[in-house]
Structures are given as structure tokens and as C-alpha cells.
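Undergrad: Here you go, one structure.
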Amino acid sequence: MKRLALIALVTGSLVACGGDDEGGTDVDAPNVDAATDAQDIDTPPAPSYFGSISLLEAAVLNPGTGGTFFGQGPQVSISLTSSADVPGPVMQEMPTAIGCKVWEYTPAQALAAATGADEGTVAFALTGTAAPTIPTCAFSAGVGYTCPETATAGSGGVISPSGTAGVAVLTDADNTFVDSNSLGRYVRISGATNAANNGVFPITARPSPTSLAFANPAFVAETLPAAATHINIYGVGPIPNAASPDPGFLRDDNQVTVTFTAGGGNHFETFTSTTGSQTLGDDFDLDMAELNKLNGIPKDGTAFTITCDAAECPLGSAAGTVLNIVTTDAPTTGLSPFAMPPPMTKQVKIRCAVLGSGALTVPAAYSAFLQNAGATRIQASFIRGALLGGGPDNVSVVAGHAIVGFTN
């Protein structure tokens with residue numbers, strides 16, 4: 001049985017607290033008895049702090065219809081922010097996390113929501129079938145929280161063809177890679193002579209203890225400079241054609257404990273959050289028509305519903321369901337069909353959450369915000385998750401499975 005209470009399920013940014021329902025001083029209220037040193041009505045309230053931590057097995061659809069998958073893999077999302085940087089929703093059905101909400105962000109606000117701020121470290125501990133070992137996650141300026149496998153850090157090496165189109169091999173004779181710190185991870189390469197070799201790429205295989213195969217269709221064979229660096233990172237996202245058997249890198253019987261250790265800005269207290277005797281949200285499938293909806297979110301302002309039927313999402317298989325929709329208005333020509341470049345003018349986020357049920361409806365009033373978003377691409381994530389208990393009210397911690405689509 002899964003936990004039957006849900007405060008919030010999100011990917012990337014925010015929970016519904018601090019800023020969702022903050023109100024200003026009523027200037028027309030009687031104040032004859034107010035203290036003479038009461039706060040000036042023009043003084044802005046002190047910022048509130050809120051955050052979200054999620055661990056999801058994300059399966060990503062290929063664009064278009066047909067319901068085929070690009071790959072799947074673990075995705076860690078940690079966002080710890082302030083209401084001074086990330087405003088609350090512009091419309092919501094209710095002040096709690098249930099129902100639908102919509103946010104409109106400027107480019108600066110979108111960046112703040114995506115990266116958050118340095119508030120300490122986050123450690124995940126999993127038990128159960130094939131439970132992965134996850135490295136401690138820490139904040140990196142300009143990037144946000146990442147989970148580097150420090151034992152894989154190295155310098156120099158050689159990038160060469162693998163024999164498979166679009167897949168390169170990194171060989172570093174001075175390093176030793178193992179499955180537990182390589183498979184399901186991405187490799188970050190910096191300082192290569194050829195710019196196309198720099199970036200963060202999904203690891204598709206470990207051909208030997210000193211080599212990694214990774215997906216990069218633009219790679220250029222080269223011997224890396226001695227000063228070039230590489231490191232494997234957990235939780236970046238899907239691995240193309242991941243060989244891990246369904247349900248992937250996270251199993252239905254896995255239990256999760258998250259330990260947050262305060263630091264950085266120190267706006268959050270140290271805490272531990274856990275599924276306890278419960279487990280994370282179960283793996284699930286969607287019917288073809290529902291998968292196609294995730295790749296075809298309407299931009300005409302009409303209401304729409306995405307449903308996971310009772311056979312795939314039975315009662316008790318997850319605490320609840322969330323549909324998270326994010327737009328970008330930046331050009332996407334020439335980019336990967338899964339790239340979400342930062343917005344140029346405005347970003348719209350819609351999140352709808354429901355307890356228990358596997359069906360979610362985005363009302364027309366919320367869908368209408370997509371009409372004026374100037375969207376060049378929309379990312380839609382259908383999430384089934386379990387809430388981890390024991391943490392503070394202003395931070396949601398969830399774990400489960402998700403299916404992600406892109407409307408191009």
C-alpha cells in the first residue's frame with residue numbers, strides 16, 4: 001500500500017507554499033488601535049522560503065504520435081527558493097497543493113525557479129530490489145543541484161568512435177569505472193579542444209573498466225588536453241534505449257529516505273524525510289491515446305484530460321497524480337527535440353494535482369494561458385508519486401515514476 005496523503009508532487013520547481021496565498025495589509029481596515037511602531041504598509045513582507053525535492057524514474061516519449069519511447073532513467077530535481085525570487089501563482093483553484101495552479105515567470109524568475117539557491121546538501125538512501133546507490137547532491141552556481149559521482153572524476157583521456165552512429169567512447173586509462181557509478185548516469189566533459197565534445201551526455205554502456213560509451217551525435221574524435229575534465233553525474237534524466245528492465249532504475253518496492261543537511265543560505269533546517277514502511281509510486285503505462293496527448297498539448301485554450309486507467313494505476317499504487325506543464329518561447333530550431341532552452345520573454349507553468357485518482361483535467365481557464373505563452377515547445381510530465389513524510393511543511397519530498405512528452 002502507498003501513502004494516501006499528498007501535499008505536492010512536482011518536477012523542477014516549487015511547492016504550493018510561501019507565496020501562493022500571501023496577502024498584503026488591508027489599507028482600509030480600522031487601525032486606530034494599531035501599535036505606533038507597526039510595519040509601514042509600503043514595506044514589503046519578509047520573503048518566505050519553500051522547496052521541492054523529487055526522485056523520479058522518467059520515461060521520455062519520442063516526439064509525435066505512436067507512443068514510442070526515447071529512453072528512461074532517474075531524474076533528481078531539487079529546488080530551494082525564496083518568494084523574493086520566485087513569485088506565487090497568478091491563478092489557482094485552491095490555496096492547497098491540490099487542484100490546478102498557473103505561474104507566469106520572467107526569464108530571471110524562470111532561472112531562479114529552475115536552479116534554486118544553495119541551502120545545503122541532499123542525500124538519498126534507497127532499499128529494496130536493485131536499489132541504486134545515489135551520491136550526495138550539492139549546489140553548483142549557475143547550474144543548480146547536481147549529484148556527482150566523485151570517484152569517477154578524472155582528467156585527460158581519449159574520445160573515439162564506438163562503431164554505433166551517434167555514440168562515442170571516452171577512454172581514461174587512469175580511471176576505473178563500475179556499473180554502480182556509471183550506468184544510469186550522464187558524463188560531463190569540460191575543456192575538450194572541440195566544442196562539440198563539451199557538455200553533459202547520457203552514458204549508454206561501460207565497455208571496459210576504463211571506458212564509457214555515451215550518446216553525442218556531434219562528437220569529434222580527439223585526445224583530450226591534460227587539463228580537460230570528466231565526471232559522471234546521477235539523476236540527470238533518461239538514458240536512450242535504456243537496457244534496464246521495466247520499471248527501470250527505480251523499482252516499485254524501493255523505499256527512500258532523504259536527508260537534507262542545512263548549509264549555504266541556511267534558510268531551511270536539517271531534516272530527514274522517508275517513505276517509512278511505504279514504497280515509492282509504482283511504475284505505470286498509459287494508453288496510446290493518452291501518450292499522444294502528452295505530445296500534443298492543445299494551445300487553443302480548450303480543457304483536456306489525461307487518464308491512467310484503473311488497471312495501470314490502481315488505488316494505492318501511488319499517493320496521487322500530478323500533471324506538470326512547462327513552456328519555452330525560445331527558438332528550438334536545430335536543437336534536440338527534448339531541449340527546453342530558457343525562455344526569452346515569458347514562461348508559463350501549469351500544475352494540476354489530485355489525490356488517489358489517475359485522471360487529471362486541465363480546465364479551459366488554465367489551458368487558456370498556453371494561448372498567450374508564445375510557446376515554441378511544451379514539456380508535459382505525468383507523474384505518479386508517493387510523498388515522503390517527516391520533513392518541514394515548506395518542503396515537499398516525493399518519489400515515483402513519470403512519463404514525459406514534448407509538444408513541438
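Please note that chains go A, B, ... in the order of the C-alpha cells, that every chain numbers its residues from 1, and that ligands are numbered from 1 in the order shown.
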Excluding region 250-254 of chain A and residues on its chain fewer than 5 positions from it, collect all residues at most 9 Å away from it, counting only C-alpha atoms, and give them as a list in words.
TA: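 In the requested format, the answer is Leu56, Glu57, Gly73, Pro74, Leu126, Thr127, Gly128, Thr129, Ala130, Ala131, Pro132, Gln278, Thr279, Leu280, Gly281, Asp282, Asp283, Ser317, Gly400 and His401 of chain A.
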Undergrad: Residues near region 386-388 of chain A, anyone? I mean within 12 Å using only C-alpha atoms, not counting same-chain ones fewer than 3 positions away, as an NGL selection string.
TA: :A and (1-10 or 52-56 or 124 or 252-259 or 271-283 or 316-322 or 355-356 or 383 or 391-393 or 395-402)
Undergrad: Can those selected residues be exported to a file as a compact mmCIF listing (two decimals), in the first residue's frame so that it contains C-alpha atoms?
TA:
```txt
# COMPACT_ATOMS: atom_id res chain seq x y z
CA MET A 1 0.00 0.00 0.00
CA LYS A 2 1.15 3.51 -0.80
CA ARG A 3 0.85 6.61 1.33
CA LEU A 4 -2.64 8.06 0.77
CA ALA A 5 -1.83 11.69 1.55
CA LEU A 6 -0.24 14.13 -0.83
CA ILE A 7 0.95 17.66 -0.20
CA ALA A 8 2.63 18.25 -3.55
CA LEU A 9 4.21 16.47 -6.47
CA VAL A 10 6.38 18.48 -8.80
CA SER A 52 10.80 20.63 -3.52
CA ILE A 53 12.93 17.51 -3.76
CA SER A 54 11.94 14.75 -6.15
CA LEU A 55 13.37 11.43 -7.30
CA LEU A 56 11.59 10.06 -10.36
CA PHE A 124 19.20 9.78 -0.88
CA ASP A 252 8.18 -0.48 -7.17
CA ASP A 253 9.36 -1.98 -3.88
CA ASN A 254 12.10 0.58 -3.31
CA GLN A 255 11.92 2.59 -0.10
CA VAL A 256 13.54 6.00 0.09
CA THR A 257 15.00 8.16 2.85
CA VAL A 258 16.13 11.71 2.09
CA THR A 259 18.45 13.59 4.43
CA PHE A 271 15.66 17.24 8.31
CA THR A 272 15.08 13.64 7.29
CA SER A 273 12.11 12.59 5.14
CA THR A 274 11.21 8.98 4.39
CA THR A 275 8.68 6.62 2.87
CA GLY A 276 8.97 4.61 6.09
CA SER A 277 7.25 1.26 5.62
CA GLN A 278 5.68 2.54 2.40
CA THR A 279 7.32 2.49 -1.05
CA LEU A 280 7.70 4.95 -3.89
CA GLY A 281 4.99 5.49 -6.52
CA ASP A 282 4.60 2.45 -8.80
CA ASP A 283 5.64 2.23 -12.43
CA GLY A 316 -2.95 2.55 -3.50
CA SER A 317 -0.26 2.35 -6.21
CA ALA A 318 0.66 6.00 -5.56
CA ALA A 319 -0.43 8.79 -3.25
CA GLY A 320 -1.61 10.89 -6.13
CA THR A 321 -1.15 12.12 -9.66
CA VAL A 322 0.35 15.33 -11.00
CA LEU A 355 -5.25 12.56 -4.64
CA GLY A 356 -5.71 8.90 -5.43
CA ILE A 383 3.69 11.83 -12.50
CA GLY A 391 10.07 16.89 6.54
CA PRO A 392 9.02 20.51 7.14
CA ASP A 393 5.78 21.92 5.78
CA VAL A 395 9.47 21.45 1.52
CA SER A 396 7.79 18.60 -0.39
CA VAL A 397 9.74 15.40 -0.96
CA VAL A 398 8.37 12.87 -3.45
CA ALA A 399 9.49 9.74 -5.29
CA GLY A 400 7.89 7.72 -8.04
CA HIS A 401 7.57 7.35 -11.80
CA ALA A 402 6.78 9.75 -14.64
```
Undergrad: If you run DSSP over the backbone, which residues in region 54-197 of chain A end up helix (DSSP H, G or I)? Put them as a list in words.
TA: Pro107, Ala108, Gln109, Ala110, Leu111, Ala112, Ala113, Ala114, Thr115, Asp179, Ser180, Asn181, Ala195, Ala196 and Asn197 of chain A
Undergrad: Would you give me, as a Markdown table, each residue of region 104-155 of chain A having an atom within 10 Å of an atom of region 185-208 of chain A, along with its shortest atom pair and that distance in Å to one decimal, using only C-alpha atoms and sorting by chain and residue number?
TA:
```
| residue | atom | partner | partner_atom | distance |
| --- | --- | --- | --- | --- |
| A:Cys147 | CA | A:Arg185 | CA | 9.8 |
| A:Pro148 | CA | A:Arg185 | CA | 9.3 |
| A:Glu149 | CA | A:Arg185 | CA | 8.9 |
| A:Thr152 | CA | A:Val187 | CA | 9.3 |
| A:Ala153 | CA | A:Arg188 | CA | 9.6 |
| A:Gly154 | CA | A:Ile189 | CA | 9.8 |
| A:Ser155 | CA | A:Ile189 | CA | 9.3 |
```
Undergrad: Nearest to Val354 (chain A) among A:Gly163, A:Thr96, A:Thr106, A:Val236, with distances taken over only C-alpha atoms: which residue is it?
TA: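 The closest residue to Val354 (chain A) is A:Thr96.
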Undergrad: Please identify all polymer residues within 10 Å of Ile297 (chain A), counting only C-alpha atoms, omitting same-chain residues fewer than 5 positions from it, and present them as a short mmCIF file (atom, residue, chain, number, x, y, z; two decimals) with N, CA and C atoms, in the first residue's frame.
TA:
```
data_model
loop_
_atom_site.label_atom_id
_atom_site.label_comp_id
_atom_site.auth_asym_id
_atom_site.auth_seq_id
_atom_site.Cartn_x
_atom_site.Cartn_y
_atom_site.Cartn_z
N ASN A 292 -0.28 10.09 -26.65
CA ASN A 292 -0.28 11.09 -27.72
C ASN A 292 -0.69 12.46 -27.22
N THR A 302 -8.59 25.05 -24.92
CA THR A 302 -9.63 24.10 -24.56
C THR A 302 -9.20 23.25 -23.36
N PHE A 304 -8.67 19.83 -21.26
CA PHE A 304 -8.29 18.48 -21.68
C PHE A 304 -8.00 17.63 -20.46
N ILE A 325 3.17 21.08 -16.55
CA ILE A 325 3.36 21.60 -17.91
C ILE A 325 4.24 22.83 -17.86
N SER A 367 -5.83 26.17 -19.29
CA SER A 367 -5.31 25.88 -20.62
C SER A 367 -5.17 27.15 -21.45
N LEU A 370 -1.85 28.93 -22.14
CA LEU A 370 -0.95 28.44 -23.17
C LEU A 370 -1.15 29.17 -24.49
N ARG A 377 7.83 25.31 -27.59
CA ARG A 377 7.86 23.92 -27.16
C ARG A 377 7.21 23.84 -25.78
N ILE A 378 6.50 22.73 -25.56
CA ILE A 378 5.84 22.48 -24.27
C ILE A 378 6.29 21.12 -23.76
N GLN A 379 6.71 21.08 -22.51
CA GLN A 379 7.05 19.82 -21.85
C GLN A 379 5.93 19.47 -20.89
N ALA A 380 5.43 18.24 -20.97
CA ALA A 380 4.34 17.79 -20.10
C ALA A 380 4.77 16.52 -19.38
N GLY A 405 6.32 14.00 -22.16
CA GLY A 405 6.15 14.25 -23.58
C GLY A 405 6.50 15.67 -23.95
N PHE A 406 6.70 15.91 -25.24
CA PHE A 406 7.06 17.25 -25.74
C PHE A 406 6.17 17.60 -26.93
N THR A 407 5.57 18.78 -26.85
CA THR A 407 4.78 19.31 -27.95
C THR A 407 5.65 20.31 -28.69
N ASN A 408 5.96 20.00 -29.95
CA ASN A 408 6.87 20.86 -30.73
C ASN A 408 6.08 21.64 -31.78
#
```
Undergrad: Using only C-alpha atoms, pick whichever of A:Gln72, A:Ser336, A:Asn241, A:Thr305 has the shortest atom-to-atom distance to Pro363 (chain A).
TA: A:Thr305
Undergrad: I'd like the neighbourhood of Pro217 (chain A) as an MDAnalysis selection string, where a residue qualifies if any of its atoms comes within 8 Å (using only C-alpha atoms), though same-chain residues fewer than 6 positions away should be ignored.
TA: chainID A and resid 165:167
Undergrad: CA of Ala303 (chain A) and CA of Pro95 (chain A) are how many Å apart?
TA: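 According to the coordinates, CA of Ala303 (chain A) and CA of Pro95 (chain A) are separated by 21.2 Å.
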Undergrad: Out of region 203-299 of chain A, which residues get strand (DSSP E) from DSSP, as a PyMOL selection string?
TA: chain A and resi 203-208+211-215+222-223+229-234+239-240+255-262+271-274
Undergrad: Mind giving me the straight-line distance from CA of Ala311 (chain A) to CA of Gly296 (chain A) in Å, one decimal?
TA: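 Computing the Euclidean distance for CA of Ala311 (chain A) and CA of Gly296 (chain A) yields 23.9 Å.
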Undergrad: Go ahead and compute the interatomic distance for CA of Ile233 (chain A) and CA of Gly142 (chain A), in Å to one decimal.
TA: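 Taking CA of Ile233 (chain A) as the start and CA of Gly142 (chain A) as the end point, the length is 16.3 Å.
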